[in-house]
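> target_36.cif (mmCIF, C-alpha atoms) pasted underneath:
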data_query
#
loop_
_atom_site.group_PDB
_atom_site.id
_atom_site.type_symbol
_atom_site.label_atom_id
_atom_site.label_comp_id
_atom_site.auth_asym_id
_atom_site.auth_seq_id
_atom_site.Cartn_x
_atom_site.Cartn_y
_atom_site.Cartn_z
ATOM 1 C CA VAL G 1 77.377 -33.010 -185.314
ATOM 2 C CA ILE G 2 75.526 -34.852 -182.564
ATOM 3 C CA VAL G 3 71.917 -35.892 -183.219
ATOM 4 C CA VAL G 4 69.519 -36.434 -180.308
ATOM 5 C CA CYS G 5 66.184 -38.143 -180.999
ATOM 6 C CA HIS G 6 63.190 -37.503 -178.772
ATOM 7 C CA ALA G 7 60.659 -39.975 -177.373
ATOM 8 C CA LEU G 8 56.886 -40.349 -177.865
ATOM 9 C CA THR G 9 55.730 -37.192 -176.097
ATOM 10 C CA GLY G 10 58.997 -35.267 -176.288
ATOM 11 C CA ASN G 11 59.992 -32.572 -178.746
ATOM 12 C CA ALA G 12 62.922 -30.734 -180.284
ATOM 13 C CA SER G 13 63.345 -28.582 -177.151
ATOM 14 C CA LEU G 14 66.093 -30.799 -175.786
ATOM 15 C CA HIS G 15 66.728 -28.482 -172.839
ATOM 16 C CA ALA G 16 63.178 -29.155 -171.579
ATOM 17 C CA TRP G 17 63.636 -32.887 -171.009
ATOM 18 C CA TRP G 18 67.392 -33.605 -170.985
ATOM 19 C CA GLY G 19 68.479 -30.151 -169.845
ATOM 20 C CA ASP G 20 71.159 -31.411 -167.478
ATOM 21 C CA LEU G 21 72.899 -33.029 -170.451
ATOM 22 C CA LEU G 22 72.970 -29.968 -172.735
ATOM 23 C CA GLY G 23 75.464 -27.112 -172.568
ATOM 24 C CA ASP G 24 79.150 -26.278 -172.322
ATOM 25 C CA GLY G 25 81.078 -29.013 -170.537
ATOM 26 C CA LYS G 26 78.062 -31.349 -170.365
ATOM 27 C CA ALA G 27 77.371 -34.622 -172.182
ATOM 28 C CA PHE G 28 76.065 -32.753 -175.225
ATOM 29 C CA ASP G 29 78.853 -30.205 -175.042
ATOM 30 C CA THR G 30 77.788 -27.233 -177.138
ATOM 31 C CA SER G 31 81.339 -25.864 -177.058
ATOM 32 C CA LYS G 32 82.447 -28.964 -179.008
ATOM 33 C CA TYR G 33 79.404 -30.198 -180.886
ATOM 34 C CA PHE G 34 76.671 -28.885 -183.161
ATOM 35 C CA VAL G 35 73.659 -30.529 -181.505
ATOM 36 C CA VAL G 36 70.565 -31.269 -183.603
ATOM 37 C CA CYS G 37 67.188 -32.472 -182.301
ATOM 38 C CA CYS G 38 64.310 -32.723 -184.797
ATOM 39 C CA ASN G 39 60.606 -33.063 -184.124
ATOM 40 C CA ILE G 40 59.366 -36.481 -185.222
ATOM 41 C CA LEU G 41 57.326 -36.532 -188.429
ATOM 42 C CA GLY G 42 53.709 -36.739 -187.252
ATOM 43 C CA SER G 43 54.321 -35.108 -183.870
ATOM 44 C CA CYS G 44 52.026 -32.315 -182.701
ATOM 45 C CA TYR G 45 55.105 -30.250 -181.788
ATOM 46 C CA GLY G 46 56.325 -29.646 -185.284
ATOM 47 C CA SER G 47 56.815 -30.993 -188.790
ATOM 48 C CA THR G 48 53.571 -32.206 -190.359
ATOM 49 C CA SER G 49 50.946 -33.830 -188.123
ATOM 50 C CA PRO G 50 47.262 -34.799 -188.049
ATOM 51 C CA GLN G 51 46.549 -31.207 -187.026
ATOM 52 C CA SER G 52 48.232 -29.830 -190.161
ATOM 53 C CA GLU G 53 46.169 -28.712 -193.116
ATOM 54 C CA ASN G 54 45.540 -31.318 -195.778
ATOM 55 C CA PRO G 55 46.117 -29.420 -199.057
ATOM 56 C CA ALA G 56 43.545 -31.617 -200.788
ATOM 57 C CA THR G 57 40.739 -30.544 -198.460
ATOM 58 C CA GLY G 58 41.885 -27.338 -196.791
ATOM 59 C CA LYS G 59 41.070 -28.948 -193.446
ATOM 60 C CA PRO G 60 43.240 -30.734 -190.851
ATOM 61 C CA TYR G 61 44.274 -34.255 -191.857
ATOM 62 C CA GLY G 62 42.817 -35.712 -188.655
ATOM 63 C CA LYS G 63 42.381 -39.474 -188.926
ATOM 64 C CA ASP G 64 43.260 -39.310 -192.642
ATOM 65 C CA PHE G 65 46.876 -38.527 -191.780
ATOM 66 C CA PRO G 66 48.982 -41.092 -193.676
ATOM 67 C CA ASP G 67 50.672 -44.030 -191.990
ATOM 68 C CA ILE G 68 54.316 -43.271 -191.195
ATOM 69 C CA SER G 69 57.072 -45.636 -190.099
ATOM 70 C CA VAL G 70 60.129 -45.027 -187.936
ATOM 71 C CA LYS G 71 62.093 -45.719 -191.103
ATOM 72 C CA ASP G 72 60.315 -42.791 -192.819
ATOM 73 C CA THR G 73 60.975 -40.436 -189.905
ATOM 74 C CA VAL G 74 64.690 -41.254 -189.849
ATOM 75 C CA ARG G 75 65.087 -41.012 -193.612
ATOM 76 C CA LEU G 76 63.565 -37.526 -193.436
ATOM 77 C CA GLN G 77 65.974 -36.494 -190.670
ATOM 78 C CA LEU G 78 68.976 -37.911 -192.516
ATOM 79 C CA SER G 79 67.947 -36.031 -195.664
ATOM 80 C CA LEU G 80 67.555 -32.845 -193.625
ATOM 81 C CA LEU G 81 70.982 -33.224 -192.055
ATOM 82 C CA LYS G 82 72.746 -34.041 -195.301
ATOM 83 C CA ASP G 83 70.931 -31.800 -197.777
ATOM 84 C CA ALA G 84 69.701 -28.840 -195.702
ATOM 85 C CA VAL G 85 72.107 -28.646 -192.758
ATOM 86 C CA LYS G 86 74.949 -29.724 -195.097
ATOM 87 C CA ALA G 87 76.525 -31.896 -192.407
ATOM 88 C CA LYS G 88 79.504 -33.858 -193.732
ATOM 89 C CA SER G 89 78.854 -36.622 -191.216
ATOM 90 C CA ILE G 90 77.219 -37.350 -187.854
ATOM 91 C CA LYS G 91 79.554 -38.154 -184.976
ATOM 92 C CA CYS G 92 76.851 -39.941 -182.968
ATOM 93 C CA VAL G 93 73.079 -40.371 -182.738
ATOM 94 C CA VAL G 94 71.604 -40.680 -179.233
ATOM 95 C CA GLY G 95 68.026 -41.384 -178.161
ATOM 96 C CA GLY G 96 65.906 -43.139 -175.556
ATOM 97 C CA SER G 97 62.672 -45.108 -175.956
ATOM 98 C CA PHE G 98 61.073 -43.997 -179.257
ATOM 99 C CA GLY G 99 64.225 -41.900 -179.665
ATOM 100 C CA GLY G 100 66.271 -45.069 -179.225
ATOM 101 C CA MET G 101 64.327 -46.761 -182.025
ATOM 102 C CA GLN G 102 65.266 -43.836 -184.244
ATOM 103 C CA ALA G 103 68.912 -44.142 -183.184
ATOM 104 C CA VAL G 104 68.872 -47.818 -184.197
ATOM 105 C CA GLU G 105 67.330 -46.904 -187.547
ATOM 106 C CA PHE G 106 69.911 -44.123 -188.033
ATOM 107 C CA ALA G 107 72.626 -46.746 -187.561
ATOM 108 C CA VAL G 108 71.050 -49.084 -190.116
ATOM 109 C CA GLN G 109 70.374 -46.410 -192.761
ATOM 110 C CA GLY G 110 73.478 -44.299 -192.250
ATOM 111 C CA GLY G 111 75.998 -46.523 -190.506
ATOM 112 C CA GLN G 112 77.070 -48.877 -193.295
ATOM 113 C CA ASP G 113 79.789 -48.609 -195.944
ATOM 114 C CA ASN G 114 78.140 -47.885 -199.293
ATOM 115 C CA GLY G 115 74.758 -47.801 -197.538
ATOM 116 C CA ASP G 116 71.743 -45.548 -197.995
ATOM 117 C CA PHE G 117 73.509 -42.470 -196.584
ATOM 118 C CA THR G 118 77.276 -42.144 -196.922
ATOM 119 C CA GLU G 119 80.045 -39.609 -197.206
ATOM 120 C CA THR G 120 81.416 -38.921 -200.684
ATOM 121 C CA ASP G 121 83.992 -41.698 -200.266
ATOM 122 C CA GLY G 122 81.314 -44.272 -199.460
ATOM 123 C CA SER G 123 82.082 -44.404 -195.738
ATOM 124 C CA PRO G 124 79.187 -44.274 -193.252
ATOM 125 C CA PHE G 125 77.477 -40.900 -192.820
ATOM 126 C CA VAL G 126 76.630 -41.881 -189.229
ATOM 127 C CA LYS G 127 79.799 -42.705 -187.269
ATOM 128 C CA ALA G 128 78.305 -44.064 -184.009
ATOM 129 C CA ALA G 129 75.005 -44.668 -182.227
ATOM 130 C CA LEU G 130 73.792 -44.839 -178.648
ATOM 131 C CA PRO G 131 70.247 -46.255 -178.366
ATOM 132 C CA ILE G 132 68.695 -46.359 -174.878
ATOM 133 C CA ALA G 133 65.812 -48.454 -173.513
ATOM 134 C CA CYS G 134 64.519 -49.887 -176.783
ATOM 135 C CA GLY G 135 64.873 -52.902 -179.028
ATOM 136 C CA ALA G 136 65.446 -53.798 -182.674
ATOM 137 C CA TYR G 137 61.671 -54.037 -183.174
ATOM 138 C CA HIS G 138 58.476 -53.326 -181.249
ATOM 139 C CA ASN G 139 57.514 -56.713 -179.888
ATOM 140 C CA SER G 140 54.066 -58.125 -179.119
ATOM 141 C CA TRP G 141 54.227 -56.972 -175.476
ATOM 142 C CA GLN G 142 54.891 -53.374 -176.513
ATOM 143 C CA ILE G 143 52.305 -53.472 -179.306
ATOM 144 C CA GLY G 144 49.762 -54.791 -176.793
ATOM 145 C CA ILE G 145 50.378 -51.905 -174.391
ATOM 146 C CA SER G 146 50.113 -49.410 -177.266
ATOM 147 C CA GLU G 147 46.903 -51.035 -178.456
ATOM 148 C CA VAL G 148 45.177 -50.825 -175.068
ATOM 149 C CA GLN G 149 46.028 -47.123 -174.977
ATOM 150 C CA ARG G 150 44.542 -46.652 -178.438
ATOM 151 C CA GLN G 151 41.451 -48.635 -177.451
ATOM 152 C CA SER G 152 40.940 -46.168 -174.596
ATOM 153 C CA ILE G 153 40.779 -43.387 -177.174
ATOM 154 C CA TYR G 154 38.550 -45.371 -179.537
ATOM 155 C CA ALA G 155 36.084 -45.864 -176.664
ATOM 156 C CA ASP G 156 35.644 -42.120 -176.231
ATOM 157 C CA PRO G 157 32.283 -41.031 -177.746
ATOM 158 C CA PHE G 158 33.986 -38.259 -179.727
ATOM 159 C CA TRP G 159 36.349 -40.588 -181.590
ATOM 160 C CA ASN G 160 33.784 -41.660 -184.182
ATOM 161 C CA THR G 161 32.472 -38.153 -184.798
ATOM 162 C CA ASP G 162 33.747 -35.442 -187.117
ATOM 163 C CA GLU G 163 35.675 -34.024 -184.147
ATOM 164 C CA PRO G 164 37.954 -36.875 -183.001
ATOM 165 C CA SER G 165 40.353 -34.350 -181.485
ATOM 166 C CA LYS G 166 37.771 -33.925 -178.722
ATOM 167 C CA ALA G 167 38.271 -37.551 -177.559
ATOM 168 C CA THR G 168 40.203 -36.206 -174.586
ATOM 169 C CA LYS G 169 38.706 -38.473 -171.921
ATOM 170 C CA GLY G 170 40.083 -41.423 -173.840
ATOM 171 C CA LEU G 171 43.434 -39.708 -174.261
ATOM 172 C CA SER G 172 43.601 -39.050 -170.526
ATOM 173 C CA VAL G 173 43.115 -42.754 -169.783
ATOM 174 C CA ALA G 174 45.687 -43.679 -172.440
ATOM 175 C CA ARG G 175 48.223 -41.412 -170.768
ATOM 176 C CA GLN G 176 47.460 -42.932 -167.369
ATOM 177 C CA LEU G 177 48.090 -46.422 -168.762
ATOM 178 C CA GLY G 178 51.378 -45.186 -170.172
ATOM 179 C CA MET G 179 52.388 -43.674 -166.837
ATOM 180 C CA ILE G 180 51.996 -47.100 -165.210
ATOM 181 C CA SER G 181 54.057 -48.898 -167.877
ATOM 182 C CA TYR G 182 56.883 -46.364 -167.595
ATOM 183 C CA ARG G 183 57.485 -47.116 -163.905
ATOM 184 C CA THR G 184 57.647 -50.175 -161.615
ATOM 185 C CA ALA G 185 55.629 -51.805 -158.836
ATOM 186 C CA GLN G 186 58.453 -50.975 -156.434
ATOM 187 C CA GLY G 187 58.463 -47.351 -157.541
ATOM 188 C CA TYR G 188 54.721 -46.937 -157.128
ATOM 189 C CA GLN G 189 54.696 -48.583 -153.730
ATOM 190 C CA SER G 190 57.608 -46.433 -152.562
ATOM 191 C CA LYS G 191 55.977 -43.238 -153.834
ATOM 192 C CA PHE G 192 52.340 -43.835 -152.842
ATOM 193 C CA GLY G 193 51.990 -46.963 -150.703
ATOM 194 C CA ARG G 194 48.334 -47.372 -149.764
ATOM 195 C CA SER G 195 48.033 -43.725 -148.777
ATOM 196 C CA LEU G 196 44.887 -41.717 -149.316
ATOM 197 C CA GLN G 197 44.921 -38.325 -150.984
ATOM 198 C CA ASP G 198 42.398 -37.108 -148.437
ATOM 199 C CA GLU G 199 42.468 -38.656 -144.963
ATOM 200 C CA SER G 200 38.723 -38.094 -144.674
ATOM 201 C CA SER G 201 38.221 -40.456 -147.616
ATOM 202 C CA THR G 202 36.614 -43.826 -147.022
ATOM 203 C CA PRO G 203 39.269 -46.547 -146.579
ATOM 204 C CA TYR G 204 37.933 -48.627 -149.466
ATOM 205 C CA GLY G 205 35.133 -48.626 -152.012
ATOM 206 C CA SER G 206 33.950 -46.484 -154.940
ATOM 207 C CA SER G 207 34.579 -43.149 -153.252
ATOM 208 C CA THR G 208 38.085 -43.917 -151.991
ATOM 209 C CA ASN G 209 40.603 -41.361 -153.218
ATOM 210 C CA TRP G 210 43.925 -43.196 -153.321
ATOM 211 C CA LYS G 211 47.058 -41.114 -153.850
ATOM 212 C CA THR G 212 47.795 -43.395 -156.792
ATOM 213 C CA LYS G 213 44.414 -42.548 -158.323
ATOM 214 C CA SER G 214 44.883 -38.824 -157.757
ATOM 215 C CA TYR G 215 48.354 -38.897 -159.325
ATOM 216 C CA LEU G 216 47.196 -40.738 -162.438
ATOM 217 C CA GLU G 217 44.183 -38.479 -162.925
ATOM 218 C CA TYR G 218 46.407 -35.425 -162.585
ATOM 219 C CA GLN G 219 48.885 -36.763 -165.149
ATOM 220 C CA GLY G 220 46.079 -37.627 -167.553
ATOM 221 C CA GLU G 221 44.528 -34.169 -167.259
ATOM 222 C CA LYS G 222 47.844 -32.339 -167.545
ATOM 223 C CA PHE G 223 48.679 -34.215 -170.730
ATOM 224 C CA LEU G 224 45.654 -32.789 -172.525
ATOM 225 C CA SER G 225 47.239 -29.339 -172.683
ATOM 226 C CA ARG G 226 50.070 -30.576 -174.905
ATOM 227 C CA PHE G 227 48.831 -33.529 -176.961
ATOM 228 C CA ASP G 228 45.773 -34.532 -178.969
ATOM 229 C CA PRO G 229 44.058 -37.928 -179.414
ATOM 230 C CA VAL G 230 44.612 -38.368 -183.145
ATOM 231 C CA THR G 231 48.317 -37.585 -182.898
ATOM 232 C CA TYR G 232 48.692 -40.009 -179.982
ATOM 233 C CA VAL G 233 47.093 -42.804 -182.007
ATOM 234 C CA LYS G 234 49.252 -42.077 -185.052
ATOM 235 C CA MET G 235 52.471 -41.783 -183.032
ATOM 236 C CA THR G 236 51.923 -45.061 -181.168
ATOM 237 C CA GLU G 237 51.172 -46.713 -184.507
ATOM 238 C CA GLN G 238 54.488 -45.351 -185.763
ATOM 239 C CA MET G 239 56.241 -46.903 -182.774
ATOM 240 C CA ASP G 240 54.594 -50.228 -183.592
ATOM 241 C CA SER G 241 56.069 -49.999 -187.114
ATOM 242 C CA HIS G 242 59.575 -50.319 -185.682
ATOM 243 C CA ASP G 243 61.271 -53.430 -187.102
ATOM 244 C CA VAL G 244 64.724 -53.114 -188.634
ATOM 245 C CA ALA G 245 64.339 -56.423 -190.479
ATOM 246 C CA ARG G 246 61.125 -55.523 -192.329
ATOM 247 C CA GLY G 247 61.823 -55.159 -196.031
ATOM 248 C CA ARG G 248 65.536 -55.790 -195.518
ATOM 249 C CA ALA G 249 66.258 -59.358 -194.429
ATOM 250 C CA ASP G 250 64.755 -62.441 -192.830
ATOM 251 C CA THR G 251 66.275 -61.759 -189.424
ATOM 252 C CA VAL G 252 67.222 -58.820 -187.220
ATOM 253 C CA LYS G 253 70.685 -60.359 -186.806
ATOM 254 C CA GLU G 254 71.379 -60.081 -190.552
ATOM 255 C CA VAL G 255 70.497 -56.375 -190.579
ATOM 256 C CA LEU G 256 72.312 -55.355 -187.409
ATOM 257 C CA GLY G 257 75.346 -57.481 -188.248
ATOM 258 C CA ALA G 258 75.948 -55.396 -191.377
ATOM 259 C CA VAL G 259 76.428 -52.283 -189.226
ATOM 260 C CA HIS G 260 80.076 -51.960 -188.108
ATOM 261 C CA ILE G 261 80.117 -48.483 -186.545
ATOM 262 C CA PRO G 262 80.603 -48.336 -182.735
ATOM 263 C CA VAL G 263 77.325 -48.730 -180.848
ATOM 264 C CA LEU G 264 76.754 -48.405 -177.115
ATOM 265 C CA VAL G 265 73.411 -49.816 -175.997
ATOM 266 C CA LEU G 266 72.024 -48.619 -172.665
ATOM 267 C CA GLY G 267 69.375 -50.592 -170.797
ATOM 268 C CA ILE G 268 67.631 -50.028 -167.467
ATOM 269 C CA ASP G 269 67.631 -52.899 -165.012
ATOM 270 C CA SER G 270 64.039 -52.298 -163.811
ATOM 271 C CA ASP G 271 62.427 -51.512 -167.195
ATOM 272 C CA ILE G 272 59.265 -53.597 -167.669
ATOM 273 C CA LEU G 273 58.216 -51.908 -170.924
ATOM 274 C CA TYR G 274 61.499 -52.445 -172.812
ATOM 275 C CA PRO G 275 63.245 -55.081 -170.678
ATOM 276 C CA LEU G 276 66.959 -55.781 -170.765
ATOM 277 C CA ALA G 277 66.441 -58.747 -173.097
ATOM 278 C CA ASP G 278 65.645 -56.214 -175.835
ATOM 279 C CA GLN G 279 68.912 -54.350 -175.307
ATOM 280 C CA GLU G 280 70.865 -57.597 -175.043
ATOM 281 C CA GLU G 281 69.536 -58.592 -178.477
ATOM 282 C CA LEU G 282 70.586 -55.225 -179.880
ATOM 283 C CA ALA G 283 74.069 -55.394 -178.397
ATOM 284 C CA ASP G 284 74.523 -58.974 -179.601
ATOM 285 C CA GLY G 285 73.273 -58.064 -183.075
ATOM 286 C CA PHE G 286 75.412 -55.060 -183.946
ATOM 287 C CA ALA G 287 78.883 -56.016 -185.160
ATOM 288 C CA ASN G 288 80.742 -53.517 -182.942
ATOM 289 C CA SER G 289 78.610 -53.019 -179.866
ATOM 290 C CA ARG G 290 78.427 -53.414 -176.121
ATOM 291 C CA LEU G 291 75.726 -53.141 -173.476
ATOM 292 C CA LYS G 292 75.796 -50.988 -170.359
ATOM 293 C CA VAL G 293 73.095 -51.263 -167.704
ATOM 294 C CA ILE G 294 71.669 -48.259 -165.862
ATOM 295 C CA THR G 295 70.615 -49.019 -162.284
ATOM 296 C CA SER G 296 67.300 -47.431 -161.354
ATOM 297 C CA PRO G 297 64.141 -48.196 -159.344
ATOM 298 C CA ASP G 298 62.113 -46.091 -161.796
ATOM 299 C CA GLY G 299 61.694 -48.455 -164.707
ATOM 300 C CA HIS G 300 61.571 -47.158 -168.259
ATOM 301 C CA ASP G 301 61.545 -43.538 -167.076
ATOM 302 C CA GLY G 302 65.053 -44.155 -165.773
ATOM 303 C CA PHE G 303 66.407 -42.936 -169.125
ATOM 304 C CA LEU G 304 65.055 -39.489 -168.177
ATOM 305 C CA LEU G 305 65.439 -39.618 -164.400
ATOM 306 C CA GLU G 306 68.920 -41.145 -164.067
ATOM 307 C CA GLN G 307 70.574 -38.245 -165.852
ATOM 308 C CA ASP G 308 73.911 -38.561 -164.033
ATOM 309 C CA GLN G 309 74.375 -42.194 -165.094
ATOM 310 C CA VAL G 310 73.152 -41.508 -168.608
ATOM 311 C CA ALA G 311 75.356 -38.410 -168.947
ATOM 312 C CA THR G 312 78.456 -40.279 -167.803
ATOM 313 C CA SER G 313 77.773 -43.089 -170.269
ATOM 314 C CA ILE G 314 77.308 -40.649 -173.149
ATOM 315 C CA THR G 315 80.369 -38.573 -172.255
ATOM 316 C CA ASP G 316 82.622 -41.615 -171.935
ATOM 317 C CA PHE G 317 81.393 -43.114 -175.202
ATOM 318 C CA LEU G 318 81.845 -39.878 -177.154
ATOM 319 C CA SER G 319 85.377 -39.512 -175.792
ATOM 320 C CA GLU G 320 86.254 -42.978 -177.155
ATOM 321 C CA LEU G 321 85.191 -42.173 -180.712
ATOM 322 C CA LYS G 322 87.903 -41.410 -183.241
ATOM 323 C CA HIS G 323 85.718 -39.397 -185.616
#
Output the structure of this file as structure tokens.

Amino acid sequence: VIVVCHALTGNASLHAWWGDLLGDGKAFDTSKYFVVCCNILGSCYGSTSPQSENPATGKPYGKDFPDISVKDTVRLQLSLLKDAVKAKSIKCVVGGSFGGMQAVEFAVQGGQDNGDFTETDGSPFVKAALPIACGAYHNSWQIGISEVQRQSIYADPFWNTDEPSKATKGLSVARQLGMISYRTAQGYQSKFGRSLQDESSTPYGSSTNWKTKSYLEYQGEKFLSRFDPVTYVKMTEQMDSHDVARGRADTVKEVLGAVHIPVLVLGIDSDILYPLADQEELADGFANSRLKVITSPDGHDGFLLEQDQVATSITDFLSELKH
């Protein structure tokens, strides 16, 4: 069994966002492995979310949807895999960004002898992990970026009404902020420069239609067809919950050091959202781990865009595993 964890706006349809990695003879080789990808608890794509009916009221949960941690989401997935799927063990858990945080949590909950989730003999239920472009906790930089996105939604006039799901102008701006943090200055300059979307546009001023502006507005508008404001707030809050030390030990090092399964940490050299220092801390913390760096001009989105490098890293790591 191979488990793949999706990111903030991803879903269980692995073929839709990592399609080049899924199939016979590919990194997630379906001729060898039973590949599982679950929707995150709280996501609008599945499981229970703010749009689900609250049995106490008969109406959608909306902003009353309970607070959920990454730890909760992973415990649910581990229970599903062990009790419903009846998996004897998990060969490896792989994920990038929010998915990487889940992979780290999988390793902590299921990757220790006599831990929370084990085989019948007490050995780890999770045999290996491959987190990409994340850290052991959401730090103040990442919380700050999430908070500004949420503030964009809070500023929408609909947020404080009985129809917060209509706060779509705020959600559009939140998505645009995210689209900047996922890339790099170099990438934006290479893609757009100072070009205008319409050459008849004024060269500067309020009515100037930069290609950058047009791109961000398009991405913000497109996002509205597949996400809602309340879910976005709740999911970014869940990301901010990520901290493997909370409730377990005084330091991250103590928690990660108790995990002895093989771990390959992938980082992206140009990532400004989850910089390499985060992955270095992870690799240094796990007892049996190493770091590999993906070269990309595309920042955090490199975990999706550099599929050849990512696929090779996954394939090589899986081939090294004894289980």
> Report the distance between CA of Lys71 in chain G and CA of Leu321 in chain G in Å, rounded to one decimal place.
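One can read the CA of Lys71 in chain G to CA of Leu321 in chain G distance as 25.6 Å.
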> Could you state which residues are captured by the PyMOL selection byres ((chain G and resi 165-171) around 12) in this file, as a PDB file with C-alpha atoms, in the coordinates of the input?

ATOM      1  CA  CYS G  44      52.026 -32.315-182.701  1.00  0.00           C
ATOM      2  CA  PRO G  50      47.262 -34.799-188.049  1.00  0.00           C
ATOM      3  CA  GLN G  51      46.549 -31.207-187.026  1.00  0.00           C
ATOM      4  CA  PRO G  60      43.240 -30.734-190.851  1.00  0.00           C
ATOM      5  CA  TYR G  61      44.274 -34.255-191.857  1.00  0.00           C
ATOM      6  CA  GLY G  62      42.817 -35.712-188.655  1.00  0.00           C
ATOM      7  CA  LYS G  63      42.381 -39.474-188.926  1.00  0.00           C
ATOM      8  CA  VAL G 148      45.177 -50.825-175.068  1.00  0.00           C
ATOM      9  CA  GLN G 149      46.028 -47.123-174.977  1.00  0.00           C
ATOM     10  CA  ARG G 150      44.542 -46.652-178.438  1.00  0.00           C
ATOM     11  CA  GLN G 151      41.451 -48.635-177.451  1.00  0.00           C
ATOM     12  CA  SER G 152      40.940 -46.168-174.596  1.00  0.00           C
ATOM     13  CA  ILE G 153      40.779 -43.387-177.174  1.00  0.00           C
ATOM     14  CA  TYR G 154      38.550 -45.371-179.537  1.00  0.00           C
ATOM     15  CA  ALA G 155      36.084 -45.864-176.664  1.00  0.00           C
ATOM     16  CA  ASP G 156      35.644 -42.120-176.231  1.00  0.00           C
ATOM     17  CA  PRO G 157      32.283 -41.031-177.746  1.00  0.00           C
ATOM     18  CA  PHE G 158      33.986 -38.259-179.727  1.00  0.00           C
ATOM     19  CA  TRP G 159      36.349 -40.588-181.590  1.00  0.00           C
ATOM     20  CA  ASN G 160      33.784 -41.660-184.182  1.00  0.00           C
ATOM     21  CA  THR G 161      32.472 -38.153-184.798  1.00  0.00           C
ATOM     22  CA  ASP G 162      33.747 -35.442-187.117  1.00  0.00           C
ATOM     23  CA  GLU G 163      35.675 -34.024-184.147  1.00  0.00           C
ATOM     24  CA  PRO G 164      37.954 -36.875-183.001  1.00  0.00           C
ATOM     25  CA  SER G 172      43.601 -39.050-170.526  1.00  0.00           C
ATOM     26  CA  VAL G 173      43.115 -42.754-169.783  1.00  0.00           C
ATOM     27  CA  ALA G 174      45.687 -43.679-172.440  1.00  0.00           C
ATOM     28  CA  ARG G 175      48.223 -41.412-170.768  1.00  0.00           C
ATOM     29  CA  GLN G 176      47.460 -42.932-167.369  1.00  0.00           C
ATOM     30  CA  LEU G 177      48.090 -46.422-168.762  1.00  0.00           C
ATOM     31  CA  GLY G 178      51.378 -45.186-170.172  1.00  0.00           C
ATOM     32  CA  GLU G 217      44.183 -38.479-162.925  1.00  0.00           C
ATOM     33  CA  GLN G 219      48.885 -36.763-165.149  1.00  0.00           C
ATOM     34  CA  GLY G 220      46.079 -37.627-167.553  1.00  0.00           C
ATOM     35  CA  GLU G 221      44.528 -34.169-167.259  1.00  0.00           C
ATOM     36  CA  LYS G 222      47.844 -32.339-167.545  1.00  0.00           C
ATOM     37  CA  PHE G 223      48.679 -34.215-170.730  1.00  0.00           C
ATOM     38  CA  LEU G 224      45.654 -32.789-172.525  1.00  0.00           C
ATOM     39  CA  SER G 225      47.239 -29.339-172.683  1.00  0.00           C
ATOM     40  CA  ARG G 226      50.070 -30.576-174.905  1.00  0.00           C
ATOM     41  CA  PHE G 227      48.831 -33.529-176.961  1.00  0.00           C
ATOM     42  CA  ASP G 228      45.773 -34.532-178.969  1.00  0.00           C
ATOM     43  CA  PRO G 229      44.058 -37.928-179.414  1.00  0.00           C
ATOM     44  CA  VAL G 230      44.612 -38.368-183.145  1.00  0.00           C
ATOM     45  CA  THR G 231      48.317 -37.585-182.898  1.00  0.00           C
ATOM     46  CA  TYR G 232      48.692 -40.009-179.982  1.00  0.00           C
ATOM     47  CA  VAL G 233      47.093 -42.804-182.007  1.00  0.00           C
TER      48      VAL G 233
END
> So which one's closest to Gly144 in chain G, G:Asn288, G:Ser181, G:Thr73, G:Ser97? Using only C-alpha atoms, please.
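Comparing G:Asn288, G:Ser181, G:Thr73, G:Ser97 against Gly144 in chain G, the winner is G:Ser181.
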> I'd like the residues picked by the PyMOL selection byres ((chain G and resi 279) around 7) written out as a PyMOL selection string, using the chain letters and numbers from the file.
chain G and resi 133-135+265+267+276-278+280-283
> Using all atoms listed in the file, give me every residue within 12 Å of (63.1, -47.0, -186.4) in file coordinates, as a PyMOL selection string.
chain G and resi 5+7+40+68-77+95-109+131+134-138+238-246
> Hey, which of G:Leu41, G:Val36, G:Val252, G:Ala128 ends up closest to Val85 in chain G? Count only C-alpha atoms.
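Smallest distance to Val85 in chain G is found for G:Val36.
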> Can you measure CA of Leu266 in chain G to CA of Ala27 in chain G for me? One decimal in Å is fine.
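Those two atoms sit 15.0 Å apart.
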> Could you tell me which of G:Phe117, G:Ser79, G:Ala311, G:Leu318 comes closest to Leu22 in chain G if we count all atoms listed in the file?
G:Ala311
> Pick from G:Ile268, G:Leu78, G:Leu256, G:Val93: nearest to Asp116 in chain G, with only C-alpha atoms counted?
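Looking at the shortest contact to Asp116 in chain G, the residue is G:Leu78.
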> What separation in Å, quoted to one decimal, exists between CA of Trp17 in chain G and CA of Leu264 in chain G?
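Taking CA of Trp17 in chain G and CA of Leu264 in chain G, their separation equals 21.2 Å.
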> Could you check the closest approach to Ile143 in chain G for each of G:Ala56, G:Val3, G:Cys38, G:Leu273 and tell me which residue wins, using all atoms listed in the file?
G:Leu273
> Could you pull the residues within 7 Å of range 184-201 of chain G, counting only C-alpha atoms, minus those fewer than 3 positions along the same chain, as a list in words?
Thr208, Asn209, Trp210, Lys211, Thr212, Ser214, Pro297, Asp298 and Gly299 of chain G
> Convert the current residue selection to file output with C-alpha atoms, as a PDB file, in the coordinates of the input.

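File produced: again-v2.pdb:
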ATOM      1  CA  THR G 208      38.085 -43.917-151.991  1.00  0.00           C
ATOM      2  CA  ASN G 209      40.603 -41.361-153.218  1.00  0.00           C
ATOM      3  CA  TRP G 210      43.925 -43.196-153.321  1.00  0.00           C
ATOM      4  CA  LYS G 211      47.058 -41.114-153.850  1.00  0.00           C
ATOM      5  CA  THR G 212      47.795 -43.395-156.792  1.00  0.00           C
ATOM      6  CA  SER G 214      44.883 -38.824-157.757  1.00  0.00           C
ATOM      7  CA  PRO G 297      64.141 -48.196-159.344  1.00  0.00           C
ATOM      8  CA  ASP G 298      62.113 -46.091-161.796  1.00  0.00           C
ATOM      9  CA  GLY G 299      61.694 -48.455-164.707  1.00  0.00           C
TER      10      GLY G 299
END
